[in-house]
>>> print(open('upload_17.pdb').read())   # PDB, C-alpha atoms and all ligand atoms
ATOM      1  CA  MET A  15      18.246   3.775  22.319  1.00  0.00           C
ATOM      2  CA  ASN A  16      18.325   1.552  19.312  1.00  0.00           C
ATOM      3  CA  ASP A  17      21.021  -0.960  18.721  1.00  0.00           C
ATOM      4  CA  PHE A  18      20.054  -1.889  15.193  1.00  0.00           C
ATOM      5  CA  PRO A  19      22.685  -1.736  12.504  1.00  0.00           C
ATOM      6  CA  GLN A  20      22.313   1.439  10.445  1.00  0.00           C
ATOM      7  CA  VAL A  21      23.001   0.294   6.941  1.00  0.00           C
ATOM      8  CA  GLU A  22      23.677   3.285   4.777  1.00  0.00           C
ATOM      9  CA  THR A  23      24.444   1.793   1.407  1.00  0.00           C
ATOM     10  CA  VAL A  24      23.798  -1.297  -0.667  1.00  0.00           C
ATOM     11  CA  GLU A  25      27.532  -2.104  -0.369  1.00  0.00           C
ATOM     12  CA  HIS A  26      27.273  -2.024   3.417  1.00  0.00           C
ATOM     13  CA  TRP A  27      24.089  -4.139   3.214  1.00  0.00           C
ATOM     14  CA  ARG A  28      26.080  -6.896   1.467  1.00  0.00           C
ATOM     15  CA  GLU A  29      28.221  -7.184   4.616  1.00  0.00           C
ATOM     16  CA  GLN A  30      25.209  -7.769   6.903  1.00  0.00           C
ATOM     17  CA  PRO A  31      24.087 -11.175   8.204  1.00  0.00           C
ATOM     18  CA  GLU A  32      22.116 -13.235   5.695  1.00  0.00           C
ATOM     19  CA  GLU A  33      18.914 -12.936   7.763  1.00  0.00           C
ATOM     20  CA  TYR A  34      19.091  -9.146   7.474  1.00  0.00           C
ATOM     21  CA  GLN A  35      19.815  -9.257   3.758  1.00  0.00           C
ATOM     22  CA  GLU A  36      16.970 -11.671   3.119  1.00  0.00           C
ATOM     23  CA  ALA A  37      14.505  -9.560   5.135  1.00  0.00           C
ATOM     24  CA  CYS A  38      15.392  -6.509   3.010  1.00  0.00           C
ATOM     25  CA  ARG A  39      15.009  -8.522  -0.190  1.00  0.00           C
ATOM     26  CA  LYS A  40      11.548  -9.664   0.904  1.00  0.00           C
ATOM     27  CA  LEU A  41      10.419  -6.113   1.625  1.00  0.00           C
ATOM     28  CA  VAL A  42      11.700  -4.788  -1.697  1.00  0.00           C
ATOM     29  CA  ILE A  43      10.186  -7.672  -3.693  1.00  0.00           C
ATOM     30  CA  SER A  44       6.814  -7.340  -1.990  1.00  0.00           C
ATOM     31  CA  HIS A  45       6.610  -3.598  -2.647  1.00  0.00           C
ATOM     32  CA  ALA A  46       7.846  -3.936  -6.246  1.00  0.00           C
ATOM     33  CA  ILE A  47       5.253  -6.601  -7.050  1.00  0.00           C
ATOM     34  CA  ASN A  48       2.301  -5.002  -5.341  1.00  0.00           C
ATOM     35  CA  GLU A  49       2.923  -1.498  -6.672  1.00  0.00           C
ATOM     36  CA  LEU A  50       3.103  -2.816 -10.223  1.00  0.00           C
ATOM     37  CA  TYR A  51       0.132  -5.116  -9.905  1.00  0.00           C
ATOM     38  CA  GLY A  52      -2.012  -2.408  -8.325  1.00  0.00           C
ATOM     39  CA  SER A  53      -1.031   0.086 -11.040  1.00  0.00           C
ATOM     40  CA  ARG A  54      -2.165  -2.346 -13.704  1.00  0.00           C
ATOM     41  CA  VAL A  55      -5.412  -3.625 -12.227  1.00  0.00           C
ATOM     42  CA  TYR A  56      -6.697  -0.491 -10.502  1.00  0.00           C
ATOM     43  CA  ASP A  57      -4.994   2.713 -11.487  1.00  0.00           C
ATOM     44  CA  GLU A  58      -4.425   2.461 -15.213  1.00  0.00           C
ATOM     45  CA  PRO A  59      -7.972   1.251 -16.040  1.00  0.00           C
ATOM     46  CA  ALA A  60      -9.395   4.154 -14.015  1.00  0.00           C
ATOM     47  CA  ILE A  61      -8.175   6.672 -16.599  1.00  0.00           C
ATOM     48  CA  ALA A  62     -11.010   5.390 -18.802  1.00  0.00           C
ATOM     49  CA  TRP A  63     -13.568   5.517 -15.951  1.00  0.00           C
ATOM     50  CA  ALA A  64     -12.799   9.073 -14.888  1.00  0.00           C
ATOM     51  CA  PRO A  65     -15.828  11.170 -15.822  1.00  0.00           C
ATOM     52  CA  ASN A  66     -14.188  14.405 -17.020  1.00  0.00           C
ATOM     53  CA  PRO A  67     -10.859  15.854 -18.145  1.00  0.00           C
ATOM     54  CA  TYR A  68      -9.937  17.147 -14.680  1.00  0.00           C
ATOM     55  CA  ALA A  69     -10.539  13.735 -13.120  1.00  0.00           C
ATOM     56  CA  LYS A  70      -8.562  12.062 -15.929  1.00  0.00           C
ATOM     57  CA  TRP A  71      -5.668  14.443 -15.357  1.00  0.00           C
ATOM     58  CA  MET A  72      -5.618  13.620 -11.634  1.00  0.00           C
ATOM     59  CA  VAL A  73      -5.872   9.865 -12.282  1.00  0.00           C
ATOM     60  CA  CYS A  74      -2.989  10.110 -14.768  1.00  0.00           C
ATOM     61  CA  ARG A  75      -0.902  11.653 -12.024  1.00  0.00           C
ATOM     62  CA  VAL A  76      -1.825   8.809  -9.674  1.00  0.00           C
ATOM     63  CA  VAL A  77      -0.983   6.241 -12.369  1.00  0.00           C
ATOM     64  CA  MET A  78       2.367   7.894 -13.065  1.00  0.00           C
ATOM     65  CA  GLU A  79       3.235   7.856  -9.376  1.00  0.00           C
ATOM     66  CA  GLU A  80       2.123   4.252  -8.767  1.00  0.00           C
ATOM     67  CA  TYR A  81       4.230   2.976 -11.671  1.00  0.00           C
ATOM     68  CA  GLY A  82       7.007   5.163 -10.307  1.00  0.00           C
ATOM     69  CA  HIS A  83       6.722   3.447  -6.921  1.00  0.00           C
ATOM     70  CA  HIS A  84       7.152   0.080  -8.570  1.00  0.00           C
ATOM     71  CA  TYR A  85      10.086   1.340 -10.555  1.00  0.00           C
ATOM     72  CA  ARG A  86      11.915   2.793  -7.566  1.00  0.00           C
ATOM     73  CA  PHE A  87      11.654  -0.478  -5.636  1.00  0.00           C
ATOM     74  CA  PHE A  88      12.584  -2.394  -8.785  1.00  0.00           C
ATOM     75  CA  GLU A  89      15.717  -0.291  -9.307  1.00  0.00           C
ATOM     76  CA  LEU A  90      16.788  -0.704  -5.690  1.00  0.00           C
ATOM     77  CA  GLY A  91      16.154  -4.450  -5.967  1.00  0.00           C
ATOM     78  CA  ARG A  92      18.291  -4.609  -9.084  1.00  0.00           C
ATOM     79  CA  ASP A  93      21.128  -2.843  -7.263  1.00  0.00           C
ATOM     80  CA  MET A  94      20.782  -5.424  -4.508  1.00  0.00           C
ATOM     81  CA  GLY A  95      21.149  -8.229  -7.044  1.00  0.00           C
ATOM     82  CA  ILE A  96      17.546  -9.430  -6.894  1.00  0.00           C
ATOM     83  CA  PRO A  97      16.670 -11.080 -10.223  1.00  0.00           C
ATOM     84  CA  GLU A  98      14.275  -8.907 -12.236  1.00  0.00           C
ATOM     85  CA  GLU A  99      11.742 -11.720 -12.622  1.00  0.00           C
ATOM     86  CA  ALA A 100      11.339 -11.941  -8.828  1.00  0.00           C
ATOM     87  CA  MET A 101       9.963  -8.387  -8.876  1.00  0.00           C
ATOM     88  CA  LEU A 102       7.537  -8.746 -11.784  1.00  0.00           C
ATOM     89  CA  PRO A 103       4.135 -10.222 -10.909  1.00  0.00           C
ATOM     90  CA  GLU A 104       3.793 -12.117 -14.199  1.00  0.00           C
ATOM     91  CA  MET A 105       7.131 -13.892 -13.723  1.00  0.00           C
ATOM     92  CA  SER A 106       7.255 -14.410  -9.976  1.00  0.00           C
ATOM     93  CA  GLU A 107       5.509 -17.172  -8.070  1.00  0.00           C
ATOM     94  CA  LYS A 108       4.926 -14.705  -5.221  1.00  0.00           C
ATOM     95  CA  ALA A 109       1.260 -13.775  -5.357  1.00  0.00           C
ATOM     96  CA  PRO A 110       0.240 -10.129  -5.047  1.00  0.00           C
ATOM     97  CA  LEU A 111      -1.700  -9.175  -1.909  1.00  0.00           C
ATOM     98  CA  SER A 112      -5.100 -10.853  -1.782  1.00  0.00           C
ATOM     99  CA  ILE A 113      -6.961  -7.538  -1.983  1.00  0.00           C
ATOM    100  CA  MET A 114      -5.782  -7.302  -5.597  1.00  0.00           C
ATOM    101  CA  ASP A 115      -8.083 -10.209  -6.501  1.00  0.00           C
ATOM    102  CA  LEU A 116     -10.979  -7.880  -5.906  1.00  0.00           C
ATOM    103  CA  LYS A 117     -12.233  -6.731  -9.298  1.00  0.00           C
ATOM    104  CA  LEU A 118     -13.283  -3.116  -9.433  1.00  0.00           C
ATOM    105  CA  THR A 119     -15.402  -1.859 -12.312  1.00  0.00           C
ATOM    106  CA  THR A 120     -16.607   1.659 -11.534  1.00  0.00           C
ATOM    107  CA  TRP A 121     -15.288   5.145 -10.926  1.00  0.00           C
ATOM    108  CA  GLU A 122     -16.924   5.184  -7.475  1.00  0.00           C
ATOM    109  CA  GLU A 123     -15.147   1.965  -6.507  1.00  0.00           C
ATOM    110  CA  PHE A 124     -11.839   3.350  -7.735  1.00  0.00           C
ATOM    111  CA  CYS A 125     -12.226   6.553  -5.710  1.00  0.00           C
ATOM    112  CA  THR A 126     -13.094   4.447  -2.669  1.00  0.00           C
ATOM    113  CA  ILE A 127     -10.078   2.181  -2.998  1.00  0.00           C
ATOM    114  CA  LYS A 128      -7.844   5.223  -3.244  1.00  0.00           C
ATOM    115  CA  MET A 129      -9.483   6.671  -0.123  1.00  0.00           C
ATOM    116  CA  ILE A 130      -9.292   3.582   2.103  1.00  0.00           C
ATOM    117  CA  GLY A 131      -6.871   1.327   0.189  1.00  0.00           C
ATOM    118  CA  ASP A 132      -4.106   3.876  -0.170  1.00  0.00           C
ATOM    119  CA  LEU A 133      -4.599   4.748   3.485  1.00  0.00           C
ATOM    120  CA  GLY A 134      -3.334   1.212   4.037  1.00  0.00           C
ATOM    121  CA  GLU A 135      -0.363   1.954   1.764  1.00  0.00           C
ATOM    122  CA  ILE A 136       0.391   5.058   3.831  1.00  0.00           C
ATOM    123  CA  LEU A 137       0.646   2.913   6.947  1.00  0.00           C
ATOM    124  CA  HIS A 138       2.994   0.466   5.234  1.00  0.00           C
ATOM    125  CA  VAL A 139       5.232   3.247   3.986  1.00  0.00           C
ATOM    126  CA  GLU A 140       5.148   5.038   7.361  1.00  0.00           C
ATOM    127  CA  ASP A 141       6.450   1.871   8.897  1.00  0.00           C
ATOM    128  CA  LEU A 142       9.519   1.923   6.669  1.00  0.00           C
ATOM    129  CA  VAL A 143      10.520   5.573   7.002  1.00  0.00           C
ATOM    130  CA  GLN A 144      12.661   5.027  10.079  1.00  0.00           C
ATOM    131  CA  GLY A 145      14.013   1.687   8.995  1.00  0.00           C
ATOM    132  CA  SER A 146      17.613   0.665   9.462  1.00  0.00           C
ATOM    133  CA  PHE A 147      18.305  -0.006   5.758  1.00  0.00           C
ATOM    134  CA  HIS A 148      18.707   3.554   4.516  1.00  0.00           C
ATOM    135  CA  PRO A 149      18.273   3.007   0.757  1.00  0.00           C
ATOM    136  CA  LEU A 150      14.851   1.501   1.534  1.00  0.00           C
ATOM    137  CA  ARG A 151      14.084   4.141   4.152  1.00  0.00           C
ATOM    138  CA  ASN A 152      14.935   6.940   1.710  1.00  0.00           C
ATOM    139  CA  LEU A 153      12.762   5.414  -0.949  1.00  0.00           C
ATOM    140  CA  ALA A 154       9.864   5.225   1.516  1.00  0.00           C
ATOM    141  CA  ARG A 155      10.403   8.904   2.359  1.00  0.00           C
ATOM    142  CA  MET A 156      10.104   9.820  -1.323  1.00  0.00           C
ATOM    143  CA  THR A 157       6.996   7.685  -1.749  1.00  0.00           C
ATOM    144  CA  MET A 158       5.166   8.932   1.328  1.00  0.00           C
ATOM    145  CA  PRO A 159       3.862  12.314   0.087  1.00  0.00           C
ATOM    146  CA  GLU A 160       2.563  10.614  -3.053  1.00  0.00           C
ATOM    147  CA  GLU A 161       0.604   8.042  -1.062  1.00  0.00           C
ATOM    148  CA  TYR A 162      -0.895  10.898   0.943  1.00  0.00           C
ATOM    149  CA  PHE A 163      -1.914  12.515  -2.329  1.00  0.00           C
ATOM    150  CA  HIS A 164      -3.601   9.276  -3.489  1.00  0.00           C
ATOM    151  CA  SER A 165      -5.646   8.882  -0.357  1.00  0.00           C
ATOM    152  CA  GLU A 166      -6.607  12.556  -0.418  1.00  0.00           C
ATOM    153  CA  PHE A 167      -7.474  12.262  -4.103  1.00  0.00           C
ATOM    154  CA  GLY A 168      -9.850   9.414  -3.164  1.00  0.00           C
ATOM    155  CA  GLU A 169     -11.342  11.305  -0.275  1.00  0.00           C
ATOM    156  CA  ASN A 170     -11.932  14.462  -2.320  1.00  0.00           C
ATOM    157  CA  PHE A 171     -13.593  12.679  -5.221  1.00  0.00           C
ATOM    158  CA  CYS A 172     -15.666  10.542  -2.839  1.00  0.00           C
ATOM    159  CA  ARG A 173     -16.786  13.722  -1.091  1.00  0.00           C
ATOM    160  CA  ASP A 174     -17.939  15.196  -4.415  1.00  0.00           C
ATOM    161  CA  ILE A 175     -19.793  12.010  -5.357  1.00  0.00           C
ATOM    162  CA  CYS A 176     -21.484  11.942  -1.928  1.00  0.00           C
ATOM    163  CA  GLN A 177     -23.169  15.272  -2.656  1.00  0.00           C
ATOM    164  CA  THR A 178     -26.128  13.359  -4.113  1.00  0.00           C
ATOM    165  CA  ALA A 179     -28.044  10.621  -2.281  1.00  0.00           C
ATOM    166  CA  GLU A 180     -27.490   8.245  -5.178  1.00  0.00           C
ATOM    167  CA  GLY A 181     -23.754   8.982  -5.182  1.00  0.00           C
ATOM    168  CA  LYS A 182     -23.534   8.497  -1.440  1.00  0.00           C
ATOM    169  CA  ASP A 183     -25.209   5.079  -1.751  1.00  0.00           C
ATOM    170  CA  LYS A 184     -22.658   4.093  -4.384  1.00  0.00           C
ATOM    171  CA  ILE A 185     -19.706   5.095  -2.212  1.00  0.00           C
ATOM    172  CA  GLN A 186     -21.194   3.328   0.816  1.00  0.00           C
ATOM    173  CA  ALA A 187     -21.653   0.184  -1.313  1.00  0.00           C
ATOM    174  CA  ALA A 188     -18.024   0.462  -2.447  1.00  0.00           C
ATOM    175  CA  VAL A 189     -16.834   0.835   1.175  1.00  0.00           C
ATOM    176  CA  ASN A 190     -18.874  -2.257   2.083  1.00  0.00           C
ATOM    177  CA  LEU A 191     -17.241  -4.163  -0.779  1.00  0.00           C
ATOM    178  CA  ILE A 192     -13.645  -3.084  -0.244  1.00  0.00           C
ATOM    179  CA  TYR A 193     -13.216  -2.623   3.503  1.00  0.00           C
ATOM    180  CA  PRO A 194     -13.624  -6.294   4.542  1.00  0.00           C
ATOM    181  CA  HIS A 195     -10.516  -7.080   2.445  1.00  0.00           C
ATOM    182  CA  MET A 196      -8.376  -4.428   4.078  1.00  0.00           C
ATOM    183  CA  PRO A 197      -7.400  -6.083   7.386  1.00  0.00           C
ATOM    184  CA  HIS A 198      -5.597  -8.787   5.326  1.00  0.00           C
ATOM    185  CA  PHE A 199      -3.433  -6.047   3.906  1.00  0.00           C
ATOM    186  CA  PHE A 200      -1.406  -6.074   7.142  1.00  0.00           C
ATOM    187  CA  GLY A 201      -0.546  -9.753   7.239  1.00  0.00           C
ATOM    188  CA  LYS A 202      -1.179 -12.225   9.997  1.00  0.00           C
ATOM    189  CA  PRO A 203      -0.730 -11.044  13.609  1.00  0.00           C
ATOM    190  CA  LYS A 204       1.767 -13.841  14.253  1.00  0.00           C
ATOM    191  CA  SER A 205       4.066 -13.584  11.289  1.00  0.00           C
ATOM    192  CA  ARG A 206       7.642 -14.827  11.302  1.00  0.00           C
ATOM    193  CA  ASN A 207       8.635 -12.247   8.693  1.00  0.00           C
ATOM    194  CA  ASN A 208       7.170  -9.477  10.810  1.00  0.00           C
ATOM    195  CA  GLU A 209       9.172 -10.681  13.829  1.00  0.00           C
ATOM    196  CA  ILE A 210      12.372 -10.567  11.781  1.00  0.00           C
ATOM    197  CA  TYR A 211      11.631  -7.066  10.450  1.00  0.00           C
ATOM    198  CA  LEU A 212      11.136  -5.820  14.005  1.00  0.00           C
ATOM    199  CA  LYS A 213      14.216  -7.618  15.264  1.00  0.00           C
ATOM    200  CA  TRP A 214      16.402  -5.814  12.732  1.00  0.00           C
ATOM    201  CA  GLY A 215      14.738  -2.415  12.957  1.00  0.00           C
ATOM    202  CA  LEU A 216      13.413  -2.579   9.412  1.00  0.00           C
ATOM    203  CA  LYS A 217       9.911  -1.900  10.661  1.00  0.00           C
ATOM    204  CA  LYS A 218       8.547  -0.343  13.811  1.00  0.00           C
ATOM    205  CA  ARG A 219       5.229  -2.013  14.443  1.00  0.00           C
ATOM    206  CA  THR A 220       3.656  -5.445  14.548  1.00  0.00           C
ATOM    207  CA  ASN A 221       1.098  -6.420  11.921  1.00  0.00           C
ATOM    208  CA  GLY A 222      -1.586  -6.381  14.607  1.00  0.00           C
ATOM    209  CA  GLU A 223      -0.702  -2.833  15.731  1.00  0.00           C
ATOM    210  CA  MET A 224      -0.728  -1.596  12.163  1.00  0.00           C
ATOM    211  CA  ARG A 225      -4.056  -3.219  11.480  1.00  0.00           C
ATOM    212  CA  GLU A 226      -5.656  -1.674  14.563  1.00  0.00           C
ATOM    213  CA  ASP A 227      -4.296   1.738  13.693  1.00  0.00           C
ATOM    214  CA  TYR A 228      -5.546   1.344  10.129  1.00  0.00           C
ATOM    215  CA  MET A 229      -9.045   0.411  11.255  1.00  0.00           C
ATOM    216  CA  ALA A 230      -9.236   3.442  13.540  1.00  0.00           C
ATOM    217  CA  ARG A 231      -8.018   5.789  10.781  1.00  0.00           C
ATOM    218  CA  ALA A 232     -10.340   4.281   8.160  1.00  0.00           C
ATOM    219  CA  LYS A 233     -13.271   4.863  10.516  1.00  0.00           C
ATOM    220  CA  ILE A 234     -12.382   8.530  10.935  1.00  0.00           C
ATOM    221  CA  THR A 235     -11.970   8.906   7.161  1.00  0.00           C
ATOM    222  CA  VAL A 236     -15.339   7.464   6.169  1.00  0.00           C
ATOM    223  CA  GLU A 237     -17.199   9.153   9.014  1.00  0.00           C
ATOM    224  CA  LYS A 238     -16.035  12.547   7.720  1.00  0.00           C
ATOM    225  CA  LEU A 239     -18.187  11.821   4.673  1.00  0.00           C
ATOM    226  CA  GLY A 240     -21.173  10.630   6.720  1.00  0.00           C
ATOM    227  CA  LEU A 241     -20.432   6.981   5.830  1.00  0.00           C
ATOM    228  CA  THR A 242     -19.898   3.946   8.027  1.00  0.00           C
ATOM    229  CA  LEU A 243     -17.608   0.949   7.955  1.00  0.00           C
ATOM    230  CA  PRO A 244     -19.378  -2.412   7.627  1.00  0.00           C
ATOM    231  CA  ASP A 245     -19.160  -4.765  10.608  1.00  0.00           C
ATOM    232  CA  ILE A 246     -16.559  -7.406  10.041  1.00  0.00           C
ATOM    233  CA  ASN A 247     -15.829 -10.545  11.984  1.00  0.00           C
ATOM    234  CA  MET A 248     -12.237 -10.202  13.142  1.00  0.00           C
ATOM    235  CA  ASN A 249     -11.990 -13.962  13.728  1.00  0.00           C
ATOM    236  CA  ASN A 250     -11.661 -14.249   9.963  1.00  0.00           C
ATOM    237  CA  TYR A 251      -8.391 -12.322  10.015  1.00  0.00           C
ATOM    238  CA  ASP A 252      -6.209 -14.265  12.439  1.00  0.00           C
TER     239      ASP A 252
HETATM  240 FE    FE B   1       1.998   3.216  -4.320  1.00  0.00          FE
HETATM  241 FE    FE B   2      -0.924   4.831  -3.882  1.00  0.00          FE
END
>>> encode(input="upload_17.pdb", output="structure tokens")
Amino acid sequence: MNDFPQVETVEHWREQPEEYQEACRKLVISHAINELYGSRVYDEPAIAWAPNPYAKWMVCRVVMEEYGHHYRFFELGRDMGIPEEAMLPEMSEKAPLSIMDLKLTTWEEFCTIKMIGDLGEILHVEDLVQGSFHPLRNLARMTMPEEYFHSEFGENFCRDICQTAEGKDKIQAAVNLIYPHMPHFFGKPKSRNNEIYLKWGLKKRTNGEMREDYMARAKITVEKLGLTLPDINMNNYD
């Protein structure tokens, strides 16, 4: 059924065509940078915003896992010979995903980004779990249950906050702020990198398919809480 190379080890990866090697490097670098950047700008500051010890405990777990995600990709990258500075946002010229420019300042916004932002991370990781480069695939398999926990964490805390009318307004405002940035999270529909990932079986779906799936799942998620997604003009995302 599939005629992709199945690359079981980093040693075997070194024998693959340069296009394959470079595609794997790009995936590892992108995940290493974005996991670290997100941990710093969103997750770690939220320990201070969490309103009670239970919430702080849960956020600490999220923070631990997000830094762990960075570190796993970073370690794999190091094994692959990627220079460390290419995987550290402060030393690399590769910019983190544009959603990370969005400044969040409240507990409600943090819970919302976990609910609908980490749903986006789930989709990205899901796309890697059957990939042809097994060290990356295995790492995605380890990361997956943690991303599910983050999104569920967000949904559960958002549900609690929505118990009051004032809380519900705050979560709706946070959804309205964050959601319009999310379609960018999946890259441009016509992306050369995406074509190469599909060609080599590193990913399963096009950026456009992932984005559509994300939008449908985000809608179901917010509607469970009696919230709505803001209308967005999709022409801004192509
Ligand atoms: Fe993560
Ligand atoms: Fe996460």
>>> closest_atom_pairs(input="upload_17.pdb", of="chain A", to="ligand FE 1 (chain B)", cutoff="12 Å", atoms="only C-alpha atoms and all ligand atoms", output="CSV")
residue,atom,partner,partner_atom,distance
A:Ser44,CA,B:FE1,FE,11.8
A:His45,CA,B:FE1,FE,8.4
A:Ala46,CA,B:FE1,FE,9.4
A:Ile47,CA,B:FE1,FE,10.7
A:Asn48,CA,B:FE1,FE,8.3
A:Glu49,CA,B:FE1,FE,5.3
A:Leu50,CA,B:FE1,FE,8.5
A:Tyr51,CA,B:FE1,FE,10.2
A:Gly52,CA,B:FE1,FE,8.0
A:Ser53,CA,B:FE1,FE,8.0
A:Arg54,CA,B:FE1,FE,11.7
A:Tyr56,CA,B:FE1,FE,11.3
A:Asp57,CA,B:FE1,FE,10.0
A:Arg75,CA,B:FE1,FE,11.8
A:Val76,CA,B:FE1,FE,8.6
A:Val77,CA,B:FE1,FE,9.1
A:Met78,CA,B:FE1,FE,9.9
A:Glu79,CA,B:FE1,FE,7.0
A:Glu80,CA,B:FE1,FE,4.6
A:Tyr81,CA,B:FE1,FE,7.7
A:Gly82,CA,B:FE1,FE,8.0
A:His83,CA,B:FE1,FE,5.4
A:His84,CA,B:FE1,FE,7.4
A:Tyr85,CA,B:FE1,FE,10.4
A:Arg86,CA,B:FE1,FE,10.4
A:Phe87,CA,B:FE1,FE,10.4
A:Lys128,CA,B:FE1,FE,10.1
A:Gly131,CA,B:FE1,FE,10.1
A:Asp132,CA,B:FE1,FE,7.4
A:Leu133,CA,B:FE1,FE,10.3
A:Gly134,CA,B:FE1,FE,10.1
A:Glu135,CA,B:FE1,FE,6.6
A:Ile136,CA,B:FE1,FE,8.5
A:Leu137,CA,B:FE1,FE,11.4
A:His138,CA,B:FE1,FE,10.0
A:Val139,CA,B:FE1,FE,8.9
A:Leu153,CA,B:FE1,FE,11.5
A:Ala154,CA,B:FE1,FE,10.0
A:Met156,CA,B:FE1,FE,10.9
A:Thr157,CA,B:FE1,FE,7.2
A:Met158,CA,B:FE1,FE,8.6
A:Pro159,CA,B:FE1,FE,10.3
A:Glu160,CA,B:FE1,FE,7.5
A:Glu161,CA,B:FE1,FE,6.0
A:Tyr162,CA,B:FE1,FE,9.8
A:Phe163,CA,B:FE1,FE,10.3
A:His164,CA,B:FE1,FE,8.3
A:Ser165,CA,B:FE1,FE,10.3
>>> write_last_selection(input="upload_17.pdb", atoms="C-alpha atoms", output="PDB file, in the frame of the given file")
ATOM      1  CA  SER A  44       6.814  -7.340  -1.990  1.00  0.00           C
ATOM      2  CA  HIS A  45       6.610  -3.598  -2.647  1.00  0.00           C
ATOM      3  CA  ALA A  46       7.846  -3.936  -6.246  1.00  0.00           C
ATOM      4  CA  ILE A  47       5.253  -6.601  -7.050  1.00  0.00           C
ATOM      5  CA  ASN A  48       2.301  -5.002  -5.341  1.00  0.00           C
ATOM      6  CA  GLU A  49       2.923  -1.498  -6.672  1.00  0.00           C
ATOM      7  CA  LEU A  50       3.103  -2.816 -10.223  1.00  0.00           C
ATOM      8  CA  TYR A  51       0.132  -5.116  -9.905  1.00  0.00           C
ATOM      9  CA  GLY A  52      -2.012  -2.408  -8.325  1.00  0.00           C
ATOM     10  CA  SER A  53      -1.031   0.086 -11.040  1.00  0.00           C
ATOM     11  CA  ARG A  54      -2.165  -2.346 -13.704  1.00  0.00           C
ATOM     12  CA  TYR A  56      -6.697  -0.491 -10.502  1.00  0.00           C
ATOM     13  CA  ASP A  57      -4.994   2.713 -11.487  1.00  0.00           C
ATOM     14  CA  ARG A  75      -0.902  11.653 -12.024  1.00  0.00           C
ATOM     15  CA  VAL A  76      -1.825   8.809  -9.674  1.00  0.00           C
ATOM     16  CA  VAL A  77      -0.983   6.241 -12.369  1.00  0.00           C
ATOM     17  CA  MET A  78       2.367   7.894 -13.065  1.00  0.00           C
ATOM     18  CA  GLU A  79       3.235   7.856  -9.376  1.00  0.00           C
ATOM     19  CA  GLU A  80       2.123   4.252  -8.767  1.00  0.00           C
ATOM     20  CA  TYR A  81       4.230   2.976 -11.671  1.00  0.00           C
ATOM     21  CA  GLY A  82       7.007   5.163 -10.307  1.00  0.00           C
ATOM     22  CA  HIS A  83       6.722   3.447  -6.921  1.00  0.00           C
ATOM     23  CA  HIS A  84       7.152   0.080  -8.570  1.00  0.00           C
ATOM     24  CA  TYR A  85      10.086   1.340 -10.555  1.00  0.00           C
ATOM     25  CA  ARG A  86      11.915   2.793  -7.566  1.00  0.00           C
ATOM     26  CA  PHE A  87      11.654  -0.478  -5.636  1.00  0.00           C
ATOM     27  CA  LYS A 128      -7.844   5.223  -3.244  1.00  0.00           C
ATOM     28  CA  GLY A 131      -6.871   1.327   0.189  1.00  0.00           C
ATOM     29  CA  ASP A 132      -4.106   3.876  -0.170  1.00  0.00           C
ATOM     30  CA  LEU A 133      -4.599   4.748   3.485  1.00  0.00           C
ATOM     31  CA  GLY A 134      -3.334   1.212   4.037  1.00  0.00           C
ATOM     32  CA  GLU A 135      -0.363   1.954   1.764  1.00  0.00           C
ATOM     33  CA  ILE A 136       0.391   5.058   3.831  1.00  0.00           C
ATOM     34  CA  LEU A 137       0.646   2.913   6.947  1.00  0.00           C
ATOM     35  CA  HIS A 138       2.994   0.466   5.234  1.00  0.00           C
ATOM     36  CA  VAL A 139       5.232   3.247   3.986  1.00  0.00           C
ATOM     37  CA  LEU A 153      12.762   5.414  -0.949  1.00  0.00           C
ATOM     38  CA  ALA A 154       9.864   5.225   1.516  1.00  0.00           C
ATOM     39  CA  MET A 156      10.104   9.820  -1.323  1.00  0.00           C
ATOM     40  CA  THR A 157       6.996   7.685  -1.749  1.00  0.00           C
ATOM     41  CA  MET A 158       5.166   8.932   1.328  1.00  0.00           C
ATOM     42  CA  PRO A 159       3.862  12.314   0.087  1.00  0.00           C
ATOM     43  CA  GLU A 160       2.563  10.614  -3.053  1.00  0.00           C
ATOM     44  CA  GLU A 161       0.604   8.042  -1.062  1.00  0.00           C
ATOM     45  CA  TYR A 162      -0.895  10.898   0.943  1.00  0.00           C
ATOM     46  CA  PHE A 163      -1.914  12.515  -2.329  1.00  0.00           C
ATOM     47  CA  HIS A 164      -3.601   9.276  -3.489  1.00  0.00           C
ATOM     48  CA  SER A 165      -5.646   8.882  -0.357  1.00  0.00           C
TER      49      SER A 165
END
>>> resolve_selection(input="upload_17.pdb", expression="the PyMOL selection byres (((chain A and resi 149) around 10) and not hetatm)", output="PyMOL selection string")
chain A and resi 21-24+27+87+90+145-148+150-155
>>> closest_residue(input="upload_17.pdb", among="A:Lys184, A:Tyr251, A:Gly168, A:Cys38", to="ligand FE 2 (chain B)", atoms="only C-alpha atoms and all ligand atoms")
A:Gly168
>>> atom_distance(input="upload_17.pdb", atom1="CA of Ala60 (chain A)", atom2="CA of Ala187 (chain A)")
18.1 Å
>>> closest_residue(input="upload_17.pdb", among="A:Met129, A:Met72, A:Ile43, A:Ile192", to="ligand FE 2 (chain B)", atoms="only C-alpha atoms and all ligand atoms")
A:Met129
>>> residues_around(input="upload_17.pdb", residues="Glu226 (chain A)", least_positions_apart="6", cutoff="10 Å", atoms="all atoms listed in the file", output="PyMOL selection string")
chain A and resi 197+200+232
>>> closest_residue(input="upload_17.pdb", among="A:Val42, A:Leu116, A:Val189, A:Ile130", to="ligand FE 2 (chain B)", atoms="all atoms listed in the file")
A:Ile130
>>> resolve_selection(input="upload_17.pdb", expression="the PyMOL selection byres (((chain A and resi 111-113) around 7) and not hetatm)", output="list in words")
Asn48, Ala109, Pro110, Met114, Asp115, Leu116, His195, Met196 and Phe199 of chain A
>>> closest_residue(input="upload_17.pdb", among="A:Arg225, A:Glu104, A:Val73, A:Val236", to="ligand FE 2 (chain B)", atoms="all atoms listed in the file")
A:Val73
>>> decode(input="upload_17.pdb", residues="region 117-121 of chain A", atoms="C-alpha atoms", output="compact mmCIF listing (two decimals), in the first residue's frame")
# COMPACT_ATOMS: atom_id res chain seq x y z
CA LYS A 117 0.12 38.27 23.96
CA LEU A 118 -2.06 36.62 26.54
CA THR A 119 -2.50 38.20 29.96
CA THR A 120 -5.26 36.39 31.83
CA TRP A 121 -6.10 32.99 33.25
